[in-house]
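Engineer: Structure file query.pdb (PDB, C-alpha atoms, pLDDT in the B column) right here:
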MODEL        1
ATOM      1  CA  MET A   1     -25.654  33.543 -34.734  1.00 51.00           C
ATOM      2  CA  GLY A   2     -25.677  30.291 -32.735  1.00 57.00           C
ATOM      3  CA  MET A   3     -23.694  31.584 -29.737  1.00 59.00           C
ATOM      4  CA  VAL A   4     -24.683  30.734 -26.196  1.00 61.00           C
ATOM      5  CA  GLN A   5     -26.057  33.839 -24.523  1.00 68.00           C
ATOM      6  CA  GLY A   6     -26.808  32.775 -20.935  1.00 69.00           C
ATOM      7  CA  GLY A   7     -23.498  31.192 -19.905  1.00 74.00           C
ATOM      8  CA  LEU A   8     -23.521  28.564 -17.195  1.00 77.00           C
ATOM      9  CA  THR A   9     -26.720  28.243 -15.264  1.00 84.00           C
ATOM     10  CA  MET A  10     -26.918  27.368 -11.594  1.00 87.00           C
ATOM     11  CA  GLY A  11     -28.384  23.960 -12.480  1.00 88.00           C
ATOM     12  CA  ALA A  12     -25.411  23.153 -14.713  1.00 87.00           C
ATOM     13  CA  ILE A  13     -22.936  24.185 -12.014  1.00 91.00           C
ATOM     14  CA  LEU A  14     -24.705  21.994  -9.435  1.00 94.00           C
ATOM     15  CA  SER A  15     -24.676  19.069 -11.863  1.00 93.00           C
ATOM     16  CA  ILE A  16     -20.908  19.462 -12.337  1.00 94.00           C
ATOM     17  CA  ILE A  17     -20.356  19.625  -8.561  1.00 96.00           C
ATOM     18  CA  GLN A  18     -22.480  16.499  -8.037  1.00 97.00           C
ATOM     19  CA  PHE A  19     -20.531  14.656 -10.734  1.00 97.00           C
ATOM     20  CA  VAL A  20     -17.200  15.597  -9.146  1.00 97.00           C
ATOM     21  CA  LEU A  21     -18.383  14.487  -5.679  1.00 97.00           C
ATOM     22  CA  VAL A  22     -19.655  11.154  -6.991  1.00 97.00           C
ATOM     23  CA  LEU A  23     -16.393  10.602  -8.872  1.00 97.00           C
ATOM     24  CA  PHE A  24     -14.387  11.399  -5.722  1.00 98.00           C
ATOM     25  CA  ALA A  25     -16.531   8.999  -3.658  1.00 97.00           C
ATOM     26  CA  LEU A  26     -16.084   6.195  -6.203  1.00 97.00           C
ATOM     27  CA  LEU A  27     -12.312   6.688  -6.310  1.00 97.00           C
ATOM     28  CA  TRP A  28     -12.153   6.711  -2.495  1.00 96.00           C
ATOM     29  CA  ILE A  29     -14.180   3.477  -2.281  1.00 96.00           C
ATOM     30  CA  LYS A  30     -11.926   1.861  -4.923  1.00 95.00           C
ATOM     31  CA  ASN A  31      -8.865   2.888  -2.910  1.00 91.00           C
ATOM     32  CA  VAL A  32     -10.284   1.448   0.335  1.00 90.00           C
ATOM     33  CA  VAL A  33     -11.262  -1.837  -1.329  1.00 92.00           C
ATOM     34  CA  THR A  34      -7.865  -2.159  -3.047  1.00 89.00           C
ATOM     35  CA  ASN A  35      -5.947  -1.462   0.173  1.00 86.00           C
ATOM     36  CA  TYR A  36      -8.091  -3.923   2.142  1.00 88.00           C
ATOM     37  CA  SER A  37      -7.631  -6.593  -0.528  1.00 87.00           C
ATOM     38  CA  ASN A  38      -3.844  -6.126  -0.486  1.00 84.00           C
ATOM     39  CA  TYR A  39      -3.820  -6.167   3.340  1.00 85.00           C
ATOM     40  CA  ARG A  40      -5.748  -9.467   3.359  1.00 86.00           C
ATOM     41  CA  ASN A  41      -3.348 -10.843   0.748  1.00 82.00           C
ATOM     42  CA  VAL A  42      -0.337  -9.998   2.926  1.00 81.00           C
ATOM     43  CA  ILE A  43      -1.741 -11.291   6.215  1.00 79.00           C
ATOM     44  CA  SER A  44      -3.134 -14.447   4.612  1.00 80.00           C
ATOM     45  CA  ASN A  45       0.482 -15.514   4.181  1.00 74.00           C
ATOM     46  CA  LYS A  46       0.864 -17.329   7.524  1.00 70.00           C
ATOM     47  CA  ARG A  47       4.598 -16.644   7.589  1.00 74.00           C
ATOM     48  CA  ILE A  48       4.210 -12.848   7.640  1.00 79.00           C
ATOM     49  CA  ALA A  49       3.226 -11.189  10.919  1.00 80.00           C
ATOM     50  CA  LEU A  50       4.386  -8.431  13.220  1.00 84.00           C
ATOM     51  CA  GLY A  51       7.964  -9.103  14.212  1.00 85.00           C
ATOM     52  CA  SER A  52       8.719 -11.220  11.121  1.00 85.00           C
ATOM     53  CA  TRP A  53      12.113 -10.718   9.522  1.00 88.00           C
ATOM     54  CA  VAL A  54      12.139 -10.145   5.772  1.00 88.00           C
ATOM     55  CA  ARG A  55      15.104  -9.954   3.401  1.00 88.00           C
ATOM     56  CA  LEU A  56      14.553  -7.296   0.736  1.00 86.00           C
ATOM     57  CA  PRO A  57      16.763  -6.855  -2.317  1.00 84.00           C
ATOM     58  CA  THR A  58      18.536  -3.519  -2.688  1.00 82.00           C
ATOM     59  CA  SER A  59      20.776  -2.033  -5.328  1.00 84.00           C
ATOM     60  CA  THR A  60      23.861  -3.086  -3.344  1.00 86.00           C
ATOM     61  CA  GLY A  61      22.746  -6.533  -2.181  1.00 84.00           C
ATOM     62  CA  TYR A  62      20.011  -7.059   0.375  1.00 85.00           C
ATOM     63  CA  SER A  63      18.673  -5.661   3.630  1.00 85.00           C
ATOM     64  CA  ASP A  64      17.187  -7.621   6.528  1.00 87.00           C
ATOM     65  CA  VAL A  65      14.262  -5.746   8.074  1.00 89.00           C
ATOM     66  CA  ARG A  66      11.669  -6.506  10.737  1.00 90.00           C
ATOM     67  CA  ILE A  67       7.950  -5.792  10.233  1.00 90.00           C
ATOM     68  CA  THR A  68       6.919  -3.460  13.060  1.00 91.00           C
ATOM     69  CA  SER A  69       3.559  -2.234  11.782  1.00 90.00           C
ATOM     70  CA  LEU A  70       1.111  -3.726   9.303  1.00 86.00           C
ATOM     71  CA  GLY A  71      -1.869  -1.574   8.330  1.00 84.00           C
ATOM     72  CA  PHE A  72      -4.460  -1.337   5.584  1.00 84.00           C
ATOM     73  CA  SER A  73      -2.415   1.097   3.550  1.00 86.00           C
ATOM     74  CA  ARG A  74       1.193   0.941   4.806  1.00 89.00           C
ATOM     75  CA  VAL A  75       3.846  -1.434   6.143  1.00 90.00           C
ATOM     76  CA  LEU A  76       6.501  -0.160   8.544  1.00 92.00           C
ATOM     77  CA  LEU A  77       9.843  -1.985   8.315  1.00 91.00           C
ATOM     78  CA  GLU A  78      12.812  -1.367  10.619  1.00 92.00           C
ATOM     79  CA  ASN A  79      16.413  -2.455  10.934  1.00 87.00           C
ATOM     80  CA  GLU A  80      19.353  -1.063  12.875  1.00 85.00           C
ATOM     81  CA  ASP A  81      20.011   1.596  10.214  1.00 85.00           C
ATOM     82  CA  ALA A  82      16.650   2.801   8.953  1.00 86.00           C
ATOM     83  CA  VAL A  83      12.893   2.853   9.181  1.00 90.00           C
ATOM     84  CA  ILE A  84      11.087   2.130   5.907  1.00 89.00           C
ATOM     85  CA  ASN A  85       7.434   3.043   5.389  1.00 91.00           C
ATOM     86  CA  ILE A  86       6.082   1.561   2.155  1.00 89.00           C
ATOM     87  CA  PRO A  87       2.591   1.164   0.655  1.00 89.00           C
ATOM     88  CA  ILE A  88       0.967  -2.223   1.214  1.00 85.00           C
ATOM     89  CA  LEU A  89       0.511  -2.730  -2.557  1.00 84.00           C
ATOM     90  CA  GLN A  90       4.236  -2.301  -3.157  1.00 86.00           C
ATOM     91  CA  PHE A  91       5.083  -4.644  -0.255  1.00 86.00           C
ATOM     92  CA  ALA A  92       2.630  -7.286  -1.506  1.00 82.00           C
ATOM     93  CA  ASN A  93       4.155  -7.258  -5.002  1.00 82.00           C
ATOM     94  CA  MET A  94       7.842  -6.947  -4.142  1.00 82.00           C
ATOM     95  CA  THR A  95      10.356  -9.769  -4.216  1.00 80.00           C
ATOM     96  CA  LYS A  96      11.116 -10.747  -0.642  1.00 81.00           C
ATOM     97  CA  VAL A  97      12.432 -13.678   1.348  1.00 82.00           C
ATOM     98  CA  ILE A  98      10.920 -14.414   4.738  1.00 80.00           C
ATOM     99  CA  LEU A  99      13.538 -15.383   7.327  1.00 79.00           C
ATOM    100  CA  LYS A 100      12.792 -17.987   9.979  1.00 71.00           C
ATOM    101  CA  LYS A 101      14.793 -16.133  12.633  1.00 64.00           C
ATOM    102  CA  SER A 102      16.424 -12.780  13.166  1.00 61.00           C
ATOM    103  CA  PRO A 103      19.358 -12.074  10.824  1.00 60.00           C
ATOM    104  CA  GLU A 104      21.906 -12.722  13.594  1.00 63.00           C
ATOM    105  CA  ASN A 105      20.574 -16.270  14.156  1.00 58.00           C
ATOM    106  CA  VAL A 106      19.387 -17.151  10.658  1.00 56.00           C
ATOM    107  CA  ASP A 107      19.737 -20.840   9.844  1.00 50.00           C
ATOM    108  CA  GLU A 108      17.255 -21.407   7.068  1.00 47.00           C
ATOM    109  CA  ILE A 109      15.438 -19.165   4.669  1.00 49.00           C
ATOM    110  CA  GLU A 110      11.880 -19.727   3.486  1.00 48.00           C
ATOM    111  CA  ASP A 111      10.882 -18.733  -0.037  1.00 42.00           C
TER
ENDMDL
END
Represent the structure from my file as C-alpha cells, please.

Structural biologist:
Amino acid sequence: MGMVQGGLTMGAILSIIQFVLVLFALLWIKNVVTNYSNYRNVISNKRIALGSWVRLPTSTGYSDVRITSLGFSRVLLENEDAVINIPILQFANMTKVILKKSPENVDEIED
C-alpha cells in the first residue's frame, strides 16, 4: 500500500545527529567570527579604550558611563548609579558620544 514498514533505521538517526552537530558547529563558528569582528571594530576606534567615558542616549536624556571591561562578546559600562552589561554588537551599532574627560570635568565632546 506504499506505507513505510521499517520506521527509522539506525543509519538515518546517525545522519540526523551528524547534521545537527555540523549545523551547531557552523552556527558557533559564525557567532565567534561575528563577535571578533565587532570587537575589532570597537577597539579600532582609537578613542575607545578601557576607562573611556561615553555618553549614551536614554529615554529621559543621556547617561555618562565609563567602559570598565571590553571583551569579545560583551562590554561592561559603569556609572555611579548602575552597571550595564551589553553585547558588543549592540554597543558597536548604538549612537554614542565619546567624552574627552570624565563627566565632572568635561570640556569638549568628540563625535

Engineer: I'd like to see the residues matched by the PyMOL selection byres ((chain A and resi 79-90) around 12) on this file, and ideally I'd get them as a PyMOL selection string.

Structural biologist: chain A and resi 31-43+51-56+63-78+91-96+102-104

Engineer: I need the residue nearest Lys100 in chain A from this list: A:Ala49, A:Thr60, A:Phe19, A:Leu26. Use all atoms listed in the file for the distance.

Structural biologist: A:Ala49

Engineer: What is the distance between CA of Ile17 in chain A and CA of Ile29 in chain A, in Å to one decimal?

Structural biologist: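 Distance between the two atoms: 18.4 Å.
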
Engineer: Mind pulling up the distance from CA of Tyr62 in chain A to CA of Leu99 in chain A?

Structural biologist: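 Atom-to-atom, CA of Leu99 in chain A and CA of Tyr62 in chain A are spaced 12.6 Å apart.
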
Engineer: So how far away is CA of Leu8 in chain A from CA of Val20 in chain A, in Å?

Structural biologist: 16.5 Å
